[in-house]
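A.B. asks: Structure in structure tokens, see below.
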Amino acid sequence: QVQLVESGGGLEQPGGSLRLSCAASGIIFSRNTMAWYRQAPGKQRILVARITTADITNYADSVKGRFTISRDNAKNTVYLQMNSLKPEDSAVYYCNSRGIQSGVERWGQGTQVTVSS
């Protein structure tokens, strides 16, 4: 059974930091591109950051220089370090995996991030 379990969300003040984690099971983690998406109320789900199996990363323009995605293949976990948080970063953040050979995508259940004073 495939599971992507996010954690680390919560309420943070503007300018603060949060670190999201996504623990994967039931997949060969090292053979999956991992990503974080977010969805704000009434808006489409958008890509925030992606990391390939070769540790190549890309980011949405809105988070470049503030967010960092990383992965630990030994722990089957992907992280999103979020610094200098802004109210517009508030959203449900979803972990995503995509098999590099199969192309099969999977999603976590999401974790809420709220940035507010």
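In the structure tokens, chains take the letters A, B, ... in the order shown, each chain's residues start at 1, and ligands count up from 1 in the order shown.
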For Gln39 in chain A, please output as number ranges by chain all residues within 10 Å (counting only C-alpha atoms; exclusion window: fewer than 2 positions along the same chain).
C.D. replies: A: 37, 41-48, 89-94, 110, 112
A.B. asks: What is the CA of Thr52 in chain A-CA of Gly9 in chain A distance in Å, reported with one decimal?
C.D. replies: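 Taking CA of Thr52 in chain A and CA of Gly9 in chain A, their separation equals 23.1 Å.
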A.B. asks: Which residue gives the smallest distance to Lys75 in chain A among A:Gln13, A:Ser7, A:Thr57, A:Ser25, with only C-alpha atoms counted?
C.D. replies: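 Closest candidate: A:Ser25.
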A.B. asks: Could you tell me which of A:Val63, A:Ala49, A:Leu4, A:Leu20 comes closest to Ser84 in chain A if we count only C-alpha atoms?
C.D. replies: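 The answer is A:Val63, which sits nearest to Ser84 in chain A.
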A.B. asks: For a quick check of understanding, using only C-alpha atoms, which of A:Leu18, A:Ala23, A:Ala74, A:Leu80 has the smallest distance to Val5 in chain A?
C.D. replies: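 The answer is A:Ala23, which sits nearest to Val5 in chain A.
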A.B. asks: Can you work out the spacing between CA of Thr111 in chain A and CA of Glu12 in chain A in Å, to one decimal?
C.D. replies: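 Answer for the CA of Thr111 in chain A to CA of Glu12 in chain A separation: 13.4 Å.
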A.B. asks: Can you tell me, as a PyMOL selection string, which residues in chain A count as strand (DSSP E) by DSSP?
C.D. replies: chain A and resi 3-7+10-12+18-25+32-39+46-51+57-59+67-72+77-82+91-99+105-107+111-115
A.B. asks: Hey, which of A:Thr53, A:Asn76, A:Thr68, A:Ser97 ends up closest to Ala35 in chain A? Count only C-alpha atoms.
C.D. replies: A:Ser97
A.B. asks: Between A:Ile51, A:Leu11, A:Cys95, A:Val104, which one has atoms that come closest to Thr33 in chain A, using only C-alpha atoms?
C.D. replies: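 Nearest candidate to Thr33 in chain A out of A:Ile51, A:Leu11, A:Cys95, A:Val104: A:Ile51.
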A.B. asks: Quote the spacing between CA of Arg19 in chain A and CA of Glu6 in chain A in Å to one decimal place.
C.D. replies: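 These atoms are spaced 10.6 Å apart.
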A.B. asks: Write out as a JSON list (two decimals) with C-alpha atoms, in the first residue's frame the residues lying within 6 Å of range 26-30 of chain A, counting only C-alpha atoms and excluding same-chain residues fewer than 3 positions away.
C.D. replies:
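Writing the result to selection_9.json gives the following:
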```json
[["chain", "number", "residue", "atom", "x", "y", "z"],
["A", 1, "GLN", "CA", 0.00, 0.00, 0.00],
["A", 2, "VAL", "CA", 1.43, 3.34, -1.11],
["A", 73, "ASN", "CA", 16.59, 8.43, 0.18],
["A", 76, "ASN", "CA", 12.26, 7.76, 2.18]]
```
A.B. asks: Nearest to Lys64 in chain A: which of A:Ile100, A:Ala24, A:Met82, A:Val113 is it, counting only C-alpha atoms?
C.D. replies: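 Of the candidates, the smallest distance to Lys64 in chain A is held by A:Met82.
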